[in-house]
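One structure is given below, encoded as structure tokens.
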Number of protein chains: 2
Amino acid sequence: MKSSSVGQVTPKKAYFDAPIALKSGAALPEFSLAYETYGELNAAKSNAVLVCHALSGNHHVAGFYDPANKKETLGWWDNLVGPGKPLDTRRFFVVGVNNLGGCHGSTGPRSKNPATNRPYGADFPLVTVEDWVAAQARLADSLGIDTWAAVIGGSLGGMQALQWTLAFPDRVRHALVIASTPRLSAQNIAFNEVARQAILSDPDFHGGHYYAYTDDQGEEAIPRNGLKLARMVGHITYLSDSQLAEKFGRRLRHGKHRFHYDVEFEIESYLRHQGDKFACIFDANTYLLTTKALDYFDPAFEYDGNLRLALARARANFFVASFTTDWRFSPENSRELVYALLHNGLNVSYAEIDCPAGHDSFLLDDPCYHAALTAYLEGISL
Amino acid sequence: MKSSSVGQVTPKKAYFDAPIALKSGAALPEFSLAYETYGELNAAKSNAVLVCHALSGNHHVAGFYDPANKKETLGWWDNLVGPGKPLDTRRFFVVGVNNLGGCHGSTGPRSKNPATNRPYGADFPLVTVEDWVAAQARLADSLGIDTWAAVIGGSLGGMQALQWTLAFPDRVRHALVIASTPRLSAQNIAFNEVARQAILSDPDFHGGHYYAYTDDQGEEAIPRNGLKLARMVGHITYLSDSQLAEKFGRRLRHGKHRFHYDVEFEIESYLRHQGDKFACIFDANTYLLTTKALDYFDPAFEYDGNLRLALARARANFFVASFTTDWRFSPENSRELVYALLHNGLNVSYAEIDCPAGHDSFLLDDPCYHAALTAYLEGISL
């Protein structure tokens with residue numbers, strides 16, 4: 001079966017005029033969610049799959065925006081979603097959504113605060129995985145989707161898939177939790193904190209209200225250095241030591257040591273480039289609040305850390321996958337989730353996949369990984 | 001045998017008026033090294049041991065400066081060096097030295113540049129592990145030490161111990177290379193690069209000439225935020241995931257989520273405190289150049305990456321130790337060194353120690369670790 005692309009896609013926007021109460025105690029009086037859909041919702045409305053995004057993702061999951069510039073405008077999980085692909089759009093109606101607080105079309109820090117008529121900036125409330133799922137449920141309502149055939153996500157997206165099974169046990173039949181964890185470790189929180197401090201301490205951050213400032217060139221001042229540093233440290237941790245060794249090793253940019261602080265090693269060049277690129281396309285306030293959502297997520301928190309009790313209300317079937325070289329969301333975390341689910345008598349398929357690419361493996365089309373996903377998704381009755 | 005302290009110590013300084021040519025091609029017209037000694041040099045001058053320091057260390061290895069404030073003025077390896085301790089000062093004459101480019105008394109970026117009569121700042125040349133060892137050899141000459149009974153160091157200090165056996169094969173009888181590596185991995189260089197970019201992009205860095213600037217309070221402007229970030233990211237990587245989980249886990253500062261960017265989790269508080277403390281006591285230029293020395297060190301570079309060939313001129317006996325939870329300088333790196341040494345027919349003792357504290361294990365008094373060190377050091381003939 002040859003796979004193909006969902007083709008050119010156009011983002012949509014759903015507007016919700018009823019306020020949404022957030023876990024923090026704050027509320028948004030109204031909000032919009034940017035989303036995309038691929039495939040067709042069947043008459044029984046039983047084939048809808050929600051794709052939840054991770055830290056730097058958004059609603060543009062598959063296909064491309066610009067036929068003349070396919071590669072640059074490709075969805076972030078295009079290798080997974082499309083005709084003949086593991087999440088087969090000939091069979092499923094797939095929905096991608098940009099989370100609340102995002103910077104790609106959904107209401108977020110850059111949106112106008114109705115109370116002030118200026119961008120929210122630092123006044124945008126902190127949102128949680130629970131809030132995201134509540135907002136996604138509003139989107140499901142508006143699309144006429146009562147029950148998702150599946151909710152799927154990697155990393156932070158996997159947390160949302162898990163949260164769906166807890167917040168709306170009867171609205172999700174299958175949860176696919178990939179390269180994720182039921183709660184971050186201290187090490188993970190620590191890396192997030194470094195990223196946040198890099199942004200918060202950037203003089204161009206202006207307490208989160210940088211949208212109102214301009215730089216020397218008269219352009220909007222953004223905390224570019226902070227966001228770059230945050231992305232650099234993140235990027236290192238999304239890859240494995242062995243993969244960095246293989247891709248870059250100690251390769252020099254100029255073949256010899258030049259004894260200065262410009263790029264010497266190729267890995268330095270790569271990281272700087274990734275950091276600079278990211279700082280141009282992502283919003284620092286969104287980055288900050290997303291790392292906080294990651295830190296806070298912990299279904300077991302209200303159960304004295306007892307994950308088994310925390311998951312007792314889940315009803316979904318689960319597909320859990322982890323990657324052997326993922327040290328940021330290690331297989332150990334996935335196994336803890338699997339055990340807690342099994343203890344609750346739930347159906348769980350678990351795949352621990354030997355892939356060298358670290359945490360980012362979940363974004364790649366590793367053959368074993370995609371074979372496992374394909375087999376599971378094909379088994380979902382519609 | 002009860003161990004005790006070397007007691008109150010006073011740093012010394014050695015001045016060298018002959019220029020030193022550096023690996024980069026630059027030279028220093030003159031330089032000083034701060035050092036300390038513990039124990040007595042025997043008549044045969046056969047009992048001298050050099051202790052080399054790591055990234056944030058210095059010459060103050062053992063004892064204390066202030067009897068009224070012992071804990072705060074204690075040497076960084078005091079648990080290792082003293083009467084009845086593994087490096088027993090009743091038997092050995094121990095020398096600690098602050099490296100060239102350091103910020104604790106040896107000539108470094110904060111020293112006056114004779115050419116300008118102002119601090120070197122960014123004009124201080126990049127120095128390498130090779131340069132440090134060359135400077136240490138001058139100190140050995142001035143102390144009348146022809147041959148070290150042993151050179152010992154952890155992490156970057158271990159690189160210096162190894163370099164001694166290559167630069168001066170006949171001047172070191174035993175090299176103790178602990179939690180170290182014959183060359184950094186791409187991941188290690190990447191973390192160093194994040195630290196550097198944090199400092200270099202701090203507006204208070206002023207291109208490395210911050211000594212000349214003052215802040216709002218009229219005090220010397222230092223790139224505090226950059227250095228703090230550098231230390232925070234470093235600190236995470238010196239500890240193990242499991243140790244962070246045990247020490248901090250997800251423990252909250254205030255028992256509940258408060259939904260702000262102030263400290264929520266204890267790990268955040270710890271990291272910020274460590275970063276702030278470090279920024280007050282360490283010099284940013286020294287931090288920068290020391291990370292570069294780490295990156296550059298690679299004895300195999302001139303041998304097309306062939307470590308075995310690179311080590312062919314070593315004559316010393318080796319003690320190599322690594323720690324199972326050290327993911328920054330992993331046992332794999334130490335094993336590579338051990339194999340290359342064995343291939344050259346050298347005597348090598350290797351200990352892979354199961355200690356939970358990650359890279360920082362080398363600074364602790366883990367019983368297995370200290371027992372192995374004690375046994376090896378007791379076996380050194382004087």
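By convention in this document, the chains of the structure tokens carry letters A, B, ... by their order, each chain's residues are numbered from 1, and ligands are numbered from 1 in the order they are shown.
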If we count only C-alpha atoms, what is near region 172-177 of chain A at a cut-off of 9 Å, once residues fewer than 3 positions away on the same chain are taken out, given as a PyMOL selection string?
chain A and resi 146-155+157-162+164-165+168-169+180-181+315-322+334+373+380
Could those selected residues go to a file with C-alpha atoms, as a compact mmCIF listing (two decimals), in the first residue's frame?
# COMPACT_ATOMS: atom_id res chain seq x y z
CA ASP A 146 -19.19 12.96 20.99
CA THR A 147 -16.53 10.28 21.29
CA TRP A 148 -13.04 10.17 19.84
CA ALA A 149 -12.05 6.87 18.27
CA ALA A 150 -8.62 7.81 19.56
CA VAL A 151 -6.63 10.62 21.09
CA ILE A 152 -2.93 10.44 20.26
CA GLY A 153 0.09 12.45 21.22
CA GLY A 154 3.83 12.30 21.87
CA SER A 155 5.63 13.83 24.85
CA GLY A 157 0.85 15.44 23.63
CA GLY A 158 0.81 12.06 25.34
CA MET A 159 -0.03 13.76 28.63
CA GLN A 160 -3.10 15.24 26.94
CA ALA A 161 -4.13 11.85 25.57
CA LEU A 162 -3.87 10.46 29.10
CA TRP A 164 -8.61 12.84 28.07
CA THR A 165 -9.14 9.37 29.54
CA PHE A 168 -13.77 12.41 29.81
CA PRO A 169 -13.60 8.64 30.30
CA SER A 180 5.53 10.50 27.47
CA THR A 181 5.21 10.22 31.23
CA ARG A 315 -11.99 3.48 30.64
CA ALA A 316 -10.05 3.73 27.37
CA ASN A 317 -7.86 1.16 25.73
CA PHE A 318 -4.22 2.22 25.71
CA PHE A 319 -1.30 2.10 23.35
CA VAL A 320 1.87 3.18 25.14
CA ALA A 321 5.23 3.46 23.39
CA SER A 322 8.66 4.54 24.56
CA SER A 334 6.16 4.66 30.35
CA LEU A 373 1.28 2.12 15.47
CA ILE A 380 -9.58 0.09 16.15
Tell me the residues of chain B close to chain A, meaning within 8 Å using only C-alpha atoms, as a short mmCIF file (atom, residue, chain, number, x, y, z; two decimals) with all heavy atoms, in the first residue's frame.
data_model
loop_
_atom_site.label_atom_id
_atom_site.label_comp_id
_atom_site.auth_asym_id
_atom_site.auth_seq_id
_atom_site.Cartn_x
_atom_site.Cartn_y
_atom_site.Cartn_z
N SER B 24 47.70 27.84 21.48
CA SER B 24 46.96 28.64 20.50
C SER B 24 47.88 29.45 19.60
O SER B 24 47.45 29.99 18.59
CB SER B 24 46.02 29.61 21.22
OG SER B 24 46.78 30.57 21.94
N LEU B 126 43.19 32.06 25.05
CA LEU B 126 42.63 30.76 25.39
C LEU B 126 43.77 29.83 25.79
O LEU B 126 44.81 29.79 25.14
CB LEU B 126 41.85 30.19 24.22
CG LEU B 126 40.48 30.84 23.98
CD1 LEU B 126 39.74 30.13 22.84
CD2 LEU B 126 39.63 30.82 25.24
N LEU B 184 35.94 14.91 25.12
CA LEU B 184 34.51 15.14 25.33
C LEU B 184 33.68 14.61 24.17
O LEU B 184 34.12 14.63 23.02
CB LEU B 184 34.21 16.63 25.46
CG LEU B 184 34.67 17.38 26.70
CD1 LEU B 184 34.01 18.75 26.72
CD2 LEU B 184 34.36 16.63 27.98
N SER B 185 32.46 14.21 24.49
CA SER B 185 31.51 13.83 23.45
C SER B 185 30.84 15.07 22.89
O SER B 185 30.95 16.17 23.43
CB SER B 185 30.44 12.93 24.06
OG SER B 185 29.63 13.68 24.94
N ALA B 186 30.13 14.89 21.77
CA ALA B 186 29.37 16.00 21.18
C ALA B 186 28.36 16.55 22.18
O ALA B 186 28.15 17.76 22.26
CB ALA B 186 28.66 15.52 19.91
N GLN B 187 27.75 15.66 22.94
CA GLN B 187 26.76 16.13 23.93
C GLN B 187 27.42 17.03 24.98
O GLN B 187 26.86 18.05 25.37
CB GLN B 187 26.09 14.93 24.61
CG GLN B 187 24.92 15.31 25.50
CD GLN B 187 24.44 14.15 26.35
OE1 GLN B 187 25.17 13.62 27.20
NE2 GLN B 187 23.22 13.71 26.12
N ILE B 189 30.19 18.83 24.59
CA ILE B 189 30.51 20.10 23.94
C ILE B 189 29.25 20.95 23.82
O ILE B 189 29.27 22.17 24.03
CB ILE B 189 31.15 19.86 22.55
CG1 ILE B 189 32.49 19.13 22.70
CG2 ILE B 189 31.34 21.17 21.80
CD1 ILE B 189 33.09 18.66 21.37
N ALA B 190 28.15 20.29 23.52
CA ALA B 190 26.88 21.01 23.36
C ALA B 190 26.47 21.70 24.67
O ALA B 190 26.08 22.87 24.66
CB ALA B 190 25.79 20.04 22.90
N PHE B 191 26.57 20.99 25.78
CA PHE B 191 26.23 21.62 27.06
C PHE B 191 27.19 22.79 27.35
O PHE B 191 26.77 23.83 27.86
CB PHE B 191 26.26 20.60 28.20
CG PHE B 191 25.02 19.75 28.30
CD1 PHE B 191 25.08 18.37 28.23
CD2 PHE B 191 23.77 20.34 28.48
CE1 PHE B 191 23.93 17.59 28.34
CE2 PHE B 191 22.61 19.57 28.58
CZ PHE B 191 22.69 18.19 28.51
N GLU B 193 28.60 24.63 25.18
CA GLU B 193 28.25 25.72 24.27
C GLU B 193 27.03 26.50 24.79
O GLU B 193 26.99 27.73 24.68
CB GLU B 193 27.98 25.15 22.87
CG GLU B 193 27.43 26.12 21.86
CD GLU B 193 28.37 27.26 21.48
OE1 GLU B 193 29.50 27.31 22.00
OE2 GLU B 193 27.95 28.12 20.69
N VAL B 194 26.07 25.81 25.37
CA VAL B 194 24.93 26.51 25.97
C VAL B 194 25.42 27.44 27.08
O VAL B 194 25.03 28.61 27.16
CB VAL B 194 23.89 25.51 26.52
CG1 VAL B 194 22.85 26.24 27.37
CG2 VAL B 194 23.21 24.76 25.39
N GLN B 197 27.15 30.45 25.50
CA GLN B 197 26.22 31.40 24.87
C GLN B 197 25.45 32.17 25.93
O GLN B 197 25.11 33.34 25.72
CB GLN B 197 25.27 30.66 23.93
CG GLN B 197 25.95 30.14 22.65
CD GLN B 197 26.59 31.26 21.84
OE1 GLN B 197 26.01 32.31 21.66
NE2 GLN B 197 27.80 31.03 21.36
N ALA B 198 25.15 31.52 27.05
CA ALA B 198 24.45 32.22 28.13
C ALA B 198 25.30 33.40 28.62
O ALA B 198 24.79 34.50 28.84
CB ALA B 198 24.14 31.26 29.28
N SER B 201 26.01 36.15 25.66
CA SER B 201 24.86 36.96 25.25
C SER B 201 24.32 37.82 26.40
O SER B 201 23.38 38.58 26.20
CB SER B 201 23.75 36.06 24.70
OG SER B 201 23.19 35.27 25.73
N ASP B 202 24.92 37.70 27.57
CA ASP B 202 24.48 38.55 28.68
C ASP B 202 24.95 39.98 28.41
O ASP B 202 26.14 40.21 28.20
CB ASP B 202 25.09 38.01 29.99
CG ASP B 202 24.57 38.73 31.21
OD1 ASP B 202 24.35 39.96 31.15
OD2 ASP B 202 24.37 38.06 32.24
N ASN B 225 23.61 36.92 35.20
CA ASN B 225 22.58 36.01 34.69
C ASN B 225 23.15 34.91 33.82
O ASN B 225 22.74 33.77 33.90
CB ASN B 225 21.51 36.78 33.91
CG ASN B 225 20.53 37.46 34.82
OD1 ASN B 225 20.17 36.91 35.86
ND2 ASN B 225 20.12 38.66 34.45
N LEU B 229 22.97 30.96 34.66
CA LEU B 229 22.39 29.98 33.75
C LEU B 229 23.39 28.87 33.43
O LEU B 229 23.05 27.68 33.40
CB LEU B 229 21.93 30.64 32.45
CG LEU B 229 20.67 31.50 32.53
CD1 LEU B 229 20.52 32.31 31.25
CD2 LEU B 229 19.45 30.61 32.75
N MET B 232 23.59 26.59 36.34
CA MET B 232 22.37 25.81 36.50
C MET B 232 22.37 24.60 35.55
O MET B 232 22.10 23.47 35.95
CB MET B 232 21.13 26.67 36.25
CG MET B 232 20.81 27.64 37.39
SD MET B 232 19.48 28.81 37.00
CE MET B 232 18.04 27.72 37.03
N VAL B 233 22.67 24.86 34.28
CA VAL B 233 22.64 23.75 33.32
C VAL B 233 23.75 22.76 33.64
O VAL B 233 23.56 21.54 33.57
CB VAL B 233 22.67 24.24 31.86
CG1 VAL B 233 24.00 24.80 31.46
CG2 VAL B 233 22.27 23.13 30.90
N ILE B 236 22.77 20.52 36.72
CA ILE B 236 21.83 19.42 36.41
C ILE B 236 22.59 18.22 35.88
O ILE B 236 22.32 17.07 36.24
CB ILE B 236 20.80 19.85 35.35
CG1 ILE B 236 19.97 21.04 35.84
CG2 ILE B 236 19.86 18.69 35.00
CD1 ILE B 236 19.07 21.63 34.76
N ASP B 241 19.86 11.59 37.28
CA ASP B 241 18.40 11.68 37.29
C ASP B 241 17.85 11.08 38.59
O ASP B 241 16.99 11.68 39.26
CB ASP B 241 17.88 10.93 36.06
CG ASP B 241 16.38 11.05 35.91
OD1 ASP B 241 15.82 12.07 36.34
OD2 ASP B 241 15.77 10.12 35.35
N LEU B 244 18.53 13.28 41.66
CA LEU B 244 17.63 14.44 41.69
C LEU B 244 16.24 13.99 42.15
O LEU B 244 15.56 14.69 42.90
CB LEU B 244 17.54 15.09 40.30
CG LEU B 244 18.75 15.92 39.88
CD1 LEU B 244 18.64 16.32 38.42
CD2 LEU B 244 18.85 17.17 40.75
N ALA B 245 15.81 12.82 41.65
CA ALA B 245 14.50 12.30 42.04
C ALA B 245 14.46 12.05 43.55
O ALA B 245 13.48 12.38 44.22
CB ALA B 245 14.20 11.01 41.28
N PHE B 248 14.99 15.66 45.47
CA PHE B 248 13.96 16.69 45.28
C PHE B 248 12.62 16.14 44.80
O PHE B 248 11.58 16.60 45.22
CB PHE B 248 14.46 17.74 44.27
CG PHE B 248 15.74 18.37 44.66
CD1 PHE B 248 16.93 17.97 44.07
CD2 PHE B 248 15.77 19.34 45.66
CE1 PHE B 248 18.13 18.55 44.45
CE2 PHE B 248 16.96 19.90 46.05
CZ PHE B 248 18.15 19.52 45.44
N GLY B 249 12.69 15.16 43.92
CA GLY B 249 11.46 14.63 43.35
C GLY B 249 10.59 15.76 42.81
O GLY B 249 11.10 16.70 42.20
N ARG B 250 9.30 15.70 43.07
CA ARG B 250 8.37 16.75 42.64
C ARG B 250 7.94 17.58 43.85
O ARG B 250 6.88 18.22 43.84
CB ARG B 250 7.16 16.14 41.94
CG ARG B 250 7.51 15.39 40.64
CD ARG B 250 6.27 14.83 39.96
NE ARG B 250 5.25 15.83 39.77
CZ ARG B 250 5.18 16.69 38.76
NH1 ARG B 250 6.10 16.67 37.82
NH2 ARG B 250 4.21 17.57 38.68
N HIS B 257 0.27 23.93 43.96
CA HIS B 257 0.62 24.68 42.75
C HIS B 257 0.09 26.11 42.89
O HIS B 257 -1.07 26.31 43.21
CB HIS B 257 0.03 24.01 41.52
CG HIS B 257 0.48 22.60 41.32
ND1 HIS B 257 -0.24 21.66 40.62
CD2 HIS B 257 1.59 21.95 41.74
CE1 HIS B 257 0.41 20.50 40.62
NE2 HIS B 257 1.52 20.65 41.29
N ARG B 258 0.96 27.06 42.64
CA ARG B 258 0.54 28.45 42.81
C ARG B 258 0.45 29.20 41.49
O ARG B 258 0.09 30.35 41.44
CB ARG B 258 1.48 29.15 43.80
CG ARG B 258 1.56 28.29 45.09
CD ARG B 258 1.99 28.98 46.32
NE ARG B 258 2.92 30.07 46.16
CZ ARG B 258 3.18 30.94 47.13
NH1 ARG B 258 2.56 30.83 48.30
NH2 ARG B 258 4.05 31.90 46.95
N PHE B 259 0.83 28.54 40.42
CA PHE B 259 0.63 29.08 39.07
C PHE B 259 1.29 30.44 38.85
O PHE B 259 0.65 31.44 38.58
CB PHE B 259 -0.87 29.12 38.72
CG PHE B 259 -1.51 27.76 38.79
CD1 PHE B 259 -2.28 27.39 39.88
CD2 PHE B 259 -1.30 26.84 37.77
CE1 PHE B 259 -2.83 26.12 39.95
CE2 PHE B 259 -1.86 25.58 37.83
CZ PHE B 259 -2.63 25.21 38.93
N HIS B 260 2.60 30.43 39.02
CA HIS B 260 3.39 31.61 38.69
C HIS B 260 4.81 31.15 38.35
O HIS B 260 5.10 29.95 38.39
CB HIS B 260 3.38 32.62 39.83
CG HIS B 260 3.80 32.05 41.16
ND1 HIS B 260 4.89 31.22 41.32
CD2 HIS B 260 3.26 32.18 42.39
CE1 HIS B 260 5.01 30.90 42.57
NE2 HIS B 260 4.03 31.44 43.25
N ILE B 267 13.32 21.75 43.46
CA ILE B 267 14.46 21.66 42.55
C ILE B 267 14.75 23.02 41.91
O ILE B 267 15.91 23.38 41.68
CB ILE B 267 14.25 20.57 41.46
CG1 ILE B 267 15.43 20.50 40.49
CG2 ILE B 267 12.98 20.80 40.66
CD1 ILE B 267 16.72 20.05 41.08
N GLU B 268 13.71 23.81 41.66
CA GLU B 268 13.92 25.14 41.09
C GLU B 268 14.66 26.03 42.08
O GLU B 268 15.59 26.77 41.71
CB GLU B 268 12.58 25.77 40.73
CG GLU B 268 11.82 25.03 39.64
CD GLU B 268 10.41 25.59 39.44
OE1 GLU B 268 9.65 25.68 40.43
OE2 GLU B 268 10.07 25.93 38.30
N LEU B 271 18.37 25.00 42.28
CA LEU B 271 19.15 25.41 41.11
C LEU B 271 19.41 26.92 41.09
O LEU B 271 20.51 27.36 40.80
CB LEU B 271 18.43 25.03 39.82
CG LEU B 271 18.58 23.60 39.34
CD1 LEU B 271 17.82 23.44 38.04
CD2 LEU B 271 20.04 23.23 39.16
N TYR B 296 38.56 21.32 23.77
CA TYR B 296 39.70 21.10 22.87
C TYR B 296 40.49 19.84 23.20
O TYR B 296 41.10 19.24 22.31
CB TYR B 296 40.67 22.30 22.94
CG TYR B 296 40.18 23.55 22.24
CD1 TYR B 296 40.22 24.78 22.88
CD2 TYR B 296 39.68 23.50 20.94
CE1 TYR B 296 39.79 25.94 22.25
CE2 TYR B 296 39.24 24.67 20.30
CZ TYR B 296 39.30 25.87 20.96
OH TYR B 296 38.88 27.01 20.34
#
